[in-house]
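Colleague: As input, take run33.pdb (PDB, C-alpha atoms, pLDDT in the B column):
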ATOM      1  CA  MET H   1       0.000   0.000   0.000  1.00 42.00           C
ATOM      2  CA  GLU H   2       1.465   3.328  -1.075  1.00 48.00           C
ATOM      3  CA  ASN H   3       1.852   6.322   1.191  1.00 52.00           C
ATOM      4  CA  ARG H   4      -0.563   9.129   0.233  1.00 55.00           C
ATOM      5  CA  LYS H   5       2.074  11.817   0.803  1.00 56.00           C
ATOM      6  CA  ASP H   6       4.284  10.301  -1.875  1.00 55.00           C
ATOM      7  CA  GLN H   7       1.552  10.388  -4.505  1.00 61.00           C
ATOM      8  CA  LYS H   8       1.171  13.256  -6.923  1.00 63.00           C
ATOM      9  CA  PRO H   9      -2.018  15.279  -6.242  1.00 67.00           C
ATOM     10  CA  ASP H  10      -4.891  14.607  -8.618  1.00 81.00           C
ATOM     11  CA  ILE H  11      -6.392  18.053  -9.208  1.00 82.00           C
ATOM     12  CA  GLN H  12      -9.507  16.704 -10.890  1.00 87.00           C
ATOM     13  CA  LYS H  13     -10.267  14.332  -8.021  1.00 87.00           C
ATOM     14  CA  GLU H  14      -9.718  17.051  -5.428  1.00 87.00           C
ATOM     15  CA  ALA H  15     -12.002  19.440  -7.331  1.00 89.00           C
ATOM     16  CA  VAL H  16     -14.720  16.771  -7.322  1.00 92.00           C
ATOM     17  CA  TRP H  17     -14.272  16.349  -3.544  1.00 92.00           C
ATOM     18  CA  ILE H  18     -14.634  20.091  -3.045  1.00 93.00           C
ATOM     19  CA  LEU H  19     -17.747  20.246  -5.229  1.00 94.00           C
ATOM     20  CA  LYS H  20     -19.349  17.273  -3.455  1.00 95.00           C
ATOM     21  CA  SER H  21     -18.620  18.839  -0.080  1.00 95.00           C
ATOM     22  CA  LEU H  22     -20.061  22.181  -1.188  1.00 95.00           C
ATOM     23  CA  LEU H  23     -23.133  20.410  -2.535  1.00 96.00           C
ATOM     24  CA  GLY H  24     -23.555  18.612   0.797  1.00 96.00           C
ATOM     25  CA  ALA H  25     -23.203  21.902   2.661  1.00 96.00           C
ATOM     26  CA  TYR H  26     -25.807  23.589   0.474  1.00 96.00           C
ATOM     27  CA  VAL H  27     -28.229  20.669   0.828  1.00 97.00           C
ATOM     28  CA  VAL H  28     -27.932  21.035   4.612  1.00 97.00           C
ATOM     29  CA  THR H  29     -28.431  24.788   4.212  1.00 97.00           C
ATOM     30  CA  GLY H  30     -31.604  24.266   2.192  1.00 96.00           C
ATOM     31  CA  ILE H  31     -33.082  21.842   4.687  1.00 97.00           C
ATOM     32  CA  LEU H  32     -32.257  24.043   7.674  1.00 97.00           C
ATOM     33  CA  LEU H  33     -33.584  27.187   5.964  1.00 96.00           C
ATOM     34  CA  LEU H  34     -36.853  25.408   5.230  1.00 97.00           C
ATOM     35  CA  LEU H  35     -37.105  24.445   8.902  1.00 96.00           C
ATOM     36  CA  LEU H  36     -36.312  28.025   9.899  1.00 96.00           C
ATOM     37  CA  ALA H  37     -39.051  29.315   7.580  1.00 95.00           C
ATOM     38  CA  LEU H  38     -41.495  26.938   9.244  1.00 95.00           C
ATOM     39  CA  PHE H  39     -40.441  28.162  12.697  1.00 94.00           C
ATOM     40  CA  VAL H  40     -40.746  31.806  11.625  1.00 94.00           C
ATOM     41  CA  TYR H  41     -44.245  31.097  10.305  1.00 93.00           C
ATOM     42  CA  LYS H  42     -45.429  29.121  13.339  1.00 94.00           C
ATOM     43  CA  LEU H  43     -43.642  30.950  16.164  1.00 93.00           C
ATOM     44  CA  ASN H  44     -43.462  34.518  14.816  1.00 89.00           C
ATOM     45  CA  LEU H  45     -39.746  34.822  15.561  1.00 89.00           C
ATOM     46  CA  GLU H  46     -38.162  38.247  15.852  1.00 92.00           C
ATOM     47  CA  GLU H  47     -35.577  39.527  13.381  1.00 91.00           C
ATOM     48  CA  LYS H  48     -32.709  39.098  15.862  1.00 93.00           C
ATOM     49  CA  GLN H  49     -33.637  35.469  16.430  1.00 94.00           C
ATOM     50  CA  VAL H  50     -33.793  34.816  12.699  1.00 93.00           C
ATOM     51  CA  THR H  51     -30.398  36.470  12.167  1.00 91.00           C
ATOM     52  CA  VAL H  52     -28.801  34.286  14.843  1.00 94.00           C
ATOM     53  CA  ALA H  53     -30.455  31.200  13.352  1.00 95.00           C
ATOM     54  CA  VAL H  54     -29.139  32.040   9.855  1.00 94.00           C
ATOM     55  CA  MET H  55     -25.607  32.469  11.236  1.00 94.00           C
ATOM     56  CA  ALA H  56     -25.930  29.115  13.016  1.00 96.00           C
ATOM     57  CA  ILE H  57     -27.108  27.535   9.757  1.00 96.00           C
ATOM     58  CA  TYR H  58     -23.988  28.858   7.985  1.00 95.00           C
ATOM     59  CA  LEU H  59     -21.822  27.394  10.728  1.00 96.00           C
ATOM     60  CA  VAL H  60     -23.526  23.988  10.736  1.00 97.00           C
ATOM     61  CA  SER H  61     -23.565  23.761   6.933  1.00 97.00           C
ATOM     62  CA  THR H  62     -19.886  24.575   6.515  1.00 97.00           C
ATOM     63  CA  PHE H  63     -19.073  22.179   9.360  1.00 97.00           C
ATOM     64  CA  VAL H  64     -20.823  19.407   7.402  1.00 97.00           C
ATOM     65  CA  GLY H  65     -18.969  20.355   4.207  1.00 96.00           C
ATOM     66  CA  GLY H  66     -15.620  20.431   6.026  1.00 96.00           C
ATOM     67  CA  PHE H  67     -16.389  17.122   7.705  1.00 96.00           C
ATOM     68  CA  MET H  68     -17.237  15.535   4.354  1.00 95.00           C
ATOM     69  CA  ILE H  69     -14.019  16.622   2.683  1.00 95.00           C
ATOM     70  CA  GLY H  70     -12.024  15.687   5.768  1.00 93.00           C
ATOM     71  CA  LYS H  71     -13.395  12.146   5.552  1.00 92.00           C
ATOM     72  CA  TRP H  72     -12.536  11.891   1.863  1.00 90.00           C
ATOM     73  CA  ASN H  73      -9.100  13.474   2.069  1.00 85.00           C
ATOM     74  CA  ARG H  74      -7.070  12.246   5.032  1.00 80.00           C
ATOM     75  CA  VAL H  75      -4.169  14.706   4.554  1.00 85.00           C
ATOM     76  CA  GLN H  76      -4.334  18.325   5.797  1.00 88.00           C
ATOM     77  CA  LYS H  77      -8.004  17.985   6.669  1.00 91.00           C
ATOM     78  CA  PHE H  78      -8.202  21.391   8.349  1.00 90.00           C
ATOM     79  CA  LEU H  79      -6.884  23.106   5.199  1.00 94.00           C
ATOM     80  CA  TRP H  80      -9.402  21.320   2.990  1.00 94.00           C
ATOM     81  CA  GLY H  81     -12.163  22.252   5.422  1.00 95.00           C
ATOM     82  CA  MET H  82     -11.094  25.897   5.211  1.00 96.00           C
ATOM     83  CA  ILE H  83     -11.159  25.705   1.417  1.00 95.00           C
ATOM     84  CA  VAL H  84     -14.715  24.350   1.489  1.00 96.00           C
ATOM     85  CA  GLY H  85     -15.759  27.059   3.982  1.00 96.00           C
ATOM     86  CA  ALA H  86     -14.208  29.750   1.793  1.00 97.00           C
ATOM     87  CA  GLY H  87     -15.897  28.307  -1.293  1.00 96.00           C
ATOM     88  CA  TYR H  88     -19.232  28.282   0.522  1.00 96.00           C
ATOM     89  CA  PHE H  89     -18.760  31.930   1.496  1.00 96.00           C
ATOM     90  CA  ILE H  90     -17.719  32.992  -2.015  1.00 95.00           C
ATOM     91  CA  LEU H  91     -20.724  31.260  -3.561  1.00 94.00           C
ATOM     92  CA  LEU H  92     -22.968  32.849  -0.920  1.00 91.00           C
ATOM     93  CA  LEU H  93     -21.491  36.256  -1.745  1.00 90.00           C
ATOM     94  CA  LEU H  94     -21.948  35.732  -5.501  1.00 90.00           C
ATOM     95  CA  VAL H  95     -25.595  34.757  -5.041  1.00 88.00           C
ATOM     96  CA  SER H  96     -26.128  37.813  -2.838  1.00 84.00           C
ATOM     97  CA  PHE H  97     -24.571  40.058  -5.497  1.00 83.00           C
ATOM     98  CA  GLY H  98     -26.704  38.397  -8.170  1.00 83.00           C
ATOM     99  CA  ILE H  99     -29.919  39.042  -6.251  1.00 82.00           C
ATOM    100  CA  TYR H 100     -29.293  42.445  -4.678  1.00 75.00           C
ATOM    101  CA  HIS H 101     -26.579  43.853  -7.019  1.00 72.00           C
ATOM    102  CA  SER H 102     -24.779  45.102  -3.899  1.00 73.00           C
ATOM    103  CA  LEU H 103     -23.941  44.026  -0.374  1.00 68.00           C
ATOM    104  CA  LYS H 104     -27.241  44.087   1.493  1.00 64.00           C
ATOM    105  CA  ASN H 105     -25.609  43.933   4.932  1.00 64.00           C
ATOM    106  CA  SER H 106     -22.891  46.098   6.380  1.00 66.00           C
ATOM    107  CA  GLY H 107     -19.252  45.144   5.921  1.00 70.00           C
ATOM    108  CA  GLY H 108     -19.043  43.888   9.501  1.00 76.00           C
ATOM    109  CA  ASN H 109     -21.737  41.300   8.877  1.00 85.00           C
ATOM    110  CA  VAL H 110     -19.961  40.140   5.727  1.00 87.00           C
ATOM    111  CA  ILE H 111     -16.681  39.713   7.618  1.00 91.00           C
ATOM    112  CA  THR H 112     -18.466  37.874  10.447  1.00 91.00           C
ATOM    113  CA  THR H 113     -20.141  35.563   7.940  1.00 92.00           C
ATOM    114  CA  MET H 114     -16.794  34.917   6.238  1.00 94.00           C
ATOM    115  CA  PHE H 115     -15.167  33.922   9.528  1.00 95.00           C
ATOM    116  CA  LEU H 116     -18.134  31.719  10.455  1.00 95.00           C
ATOM    117  CA  CYS H 117     -18.015  29.915   7.108  1.00 96.00           C
ATOM    118  CA  ILE H 118     -14.255  29.401   7.094  1.00 96.00           C
ATOM    119  CA  GLY H 119     -14.214  28.491  10.790  1.00 96.00           C
ATOM    120  CA  GLY H 120     -17.065  26.020  10.386  1.00 96.00           C
ATOM    121  CA  GLY H 121     -15.288  24.323   7.505  1.00 96.00           C
ATOM    122  CA  LEU H 122     -12.014  24.266   9.437  1.00 95.00           C
ATOM    123  CA  LEU H 123     -13.666  22.724  12.483  1.00 96.00           C
ATOM    124  CA  GLY H 124     -15.480  20.117  10.385  1.00 95.00           C
ATOM    125  CA  GLY H 125     -12.238  19.183   8.632  1.00 94.00           C
ATOM    126  CA  MET H 126     -10.351  18.910  11.918  1.00 93.00           C
ATOM    127  CA  LEU H 127     -12.960  16.670  13.536  1.00 93.00           C
ATOM    128  CA  ALA H 128     -13.340  14.355  10.512  1.00 84.00           C
TER     129      ALA H 128
END
Since I need it in another form, could you write the structure as structure tokens?
Modeller:
Amino acid sequence: MENRKDQKPDIQKEAVWILKSLLGAYVVTGILLLLLALFVYKLNLEEKQVTVAVMAIYLVSTFVGGFMIGKWNRVQKFLWGMIVGAGYFILLLLVSFGIYHSLKNSGGNVITTMFLCIGGGLLGGMLA
């Protein structure tokens, strides 16, 4: 059995891992946002509560994505988790720009979201 560190990286395979992890993270996001919408409808949650829930959803989703890529790639799992978290954030930012044609939130919220996404991915990768 060959040592993984001695093998040449397969860029195509790693890109597929990243895309699968991002897809998993966005599936989790969709499910959790649907649940949040149900809770907002049934419980009449306040805006602050919804904002905290959305931030928690970002964290949980990127954790799942980082965990997935950490399971698939056994080397430098934390780095791969960070890459997935950063990819999640970039895609989130691009969708936001596509819908609103500007940053809807203040710069502080964008930075906080970036750290949550990257940190969630990092933590998921580390614990895989």
Colleague: Starting from the shown file, work through the PyMOL selection byres ((chain H and resi 91) around 12) and note down what comes out as a list in words.
Modeller: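 Evaluating the PyMOL selection byres ((chain H and resi 91) around 12) on this file yields Leu19, Leu22, Leu23, Ala25, Tyr26, Val84, Gly85, Ala86, Gly87, Tyr88, Phe89, Ile90, Leu92, Leu93, Leu94, Val95, Ser96, Phe97, Gly98, Met114 and Cys117 of chain H.
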Colleague: Looking at H:Met126, H:Val60, H:Tyr41, H:Ala53, which one is nearest to Gln76 in chain H, with distances taken over only C-alpha atoms?
Modeller: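 Among the listed residues, H:Met126 lies closest to Gln76 in chain H.
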Colleague: For the PyMOL selection byres ((chain H and resi 77) around 10), applied here, can you spell out every residue it catches as a list in words?
Modeller: Gly66, Phe67, Met68, Ile69, Gly70, Lys71, Trp72, Asn73, Arg74, Val75, Gln76, Phe78, Leu79, Trp80, Gly81, Met82, Ile83, Gly121, Leu122, Leu123, Gly124, Gly125, Met126, Leu127 and Ala128 of chain H
Colleague: Counting all atoms listed in the file, figure out which residue out of H:Val27, H:Leu33, H:Ile99, H:Ile11 gets nearest to Ile57 in chain H.
Modeller: H:Leu33
Colleague: Counting only C-alpha atoms, figure out which residue out of H:Leu38, H:Leu32, H:Ala15, H:Leu43 gets nearest to Ala56 in chain H.
Modeller: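 Looking at the shortest contact to Ala56 in chain H, the residue is H:Leu32.
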Colleague: Which residue out of H:Ile18, H:Thr113, H:Gly108, H:Gly120 has the minimum interatomic distance to Val52 in chain H when all atoms listed in the file are used?
Modeller: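 Nearest to Val52 in chain H: H:Thr113.
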Colleague: Report as JSON the centre and the edge lengths, in Å to one decimal, of the axis-aligned box holding every listed atom of range 115-128 of chain H, padded by 6 Å on each side.
Modeller:
{"center_x": -14.2, "center_y": 24.1, "center_z": 10.3, "size_x": 19.8, "size_y": 31.6, "size_z": 18.4}
Colleague: Which distance in Å separates CA of Val110 in chain H and CA of Lys42 in chain H, to one decimal?
Modeller: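 CA of Lys42 in chain H lies at a distance of 28.8 Å from CA of Val110 in chain H.
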Colleague: Quote the spacing between CA of Glu46 in chain H and CA of Phe115 in chain H in Å to one decimal place.
Modeller: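 Between CA of Glu46 in chain H and CA of Phe115 in chain H the gap is 24.2 Å.
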Colleague: Rank nothing, just name the residue among H:Leu45, H:Val16, H:Val64, H:Val50 nearest to Thr29 in chain H, using only C-alpha atoms.
Modeller: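 Once distances to Thr29 in chain H are computed over only C-alpha atoms, the minimum belongs to H:Val64.
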Colleague: I'd like the interatomic distance between CA of Met55 in chain H and CA of Thr112 in chain H, to a tenth of an Å.
Modeller: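 These atoms are spaced 9.0 Å apart.
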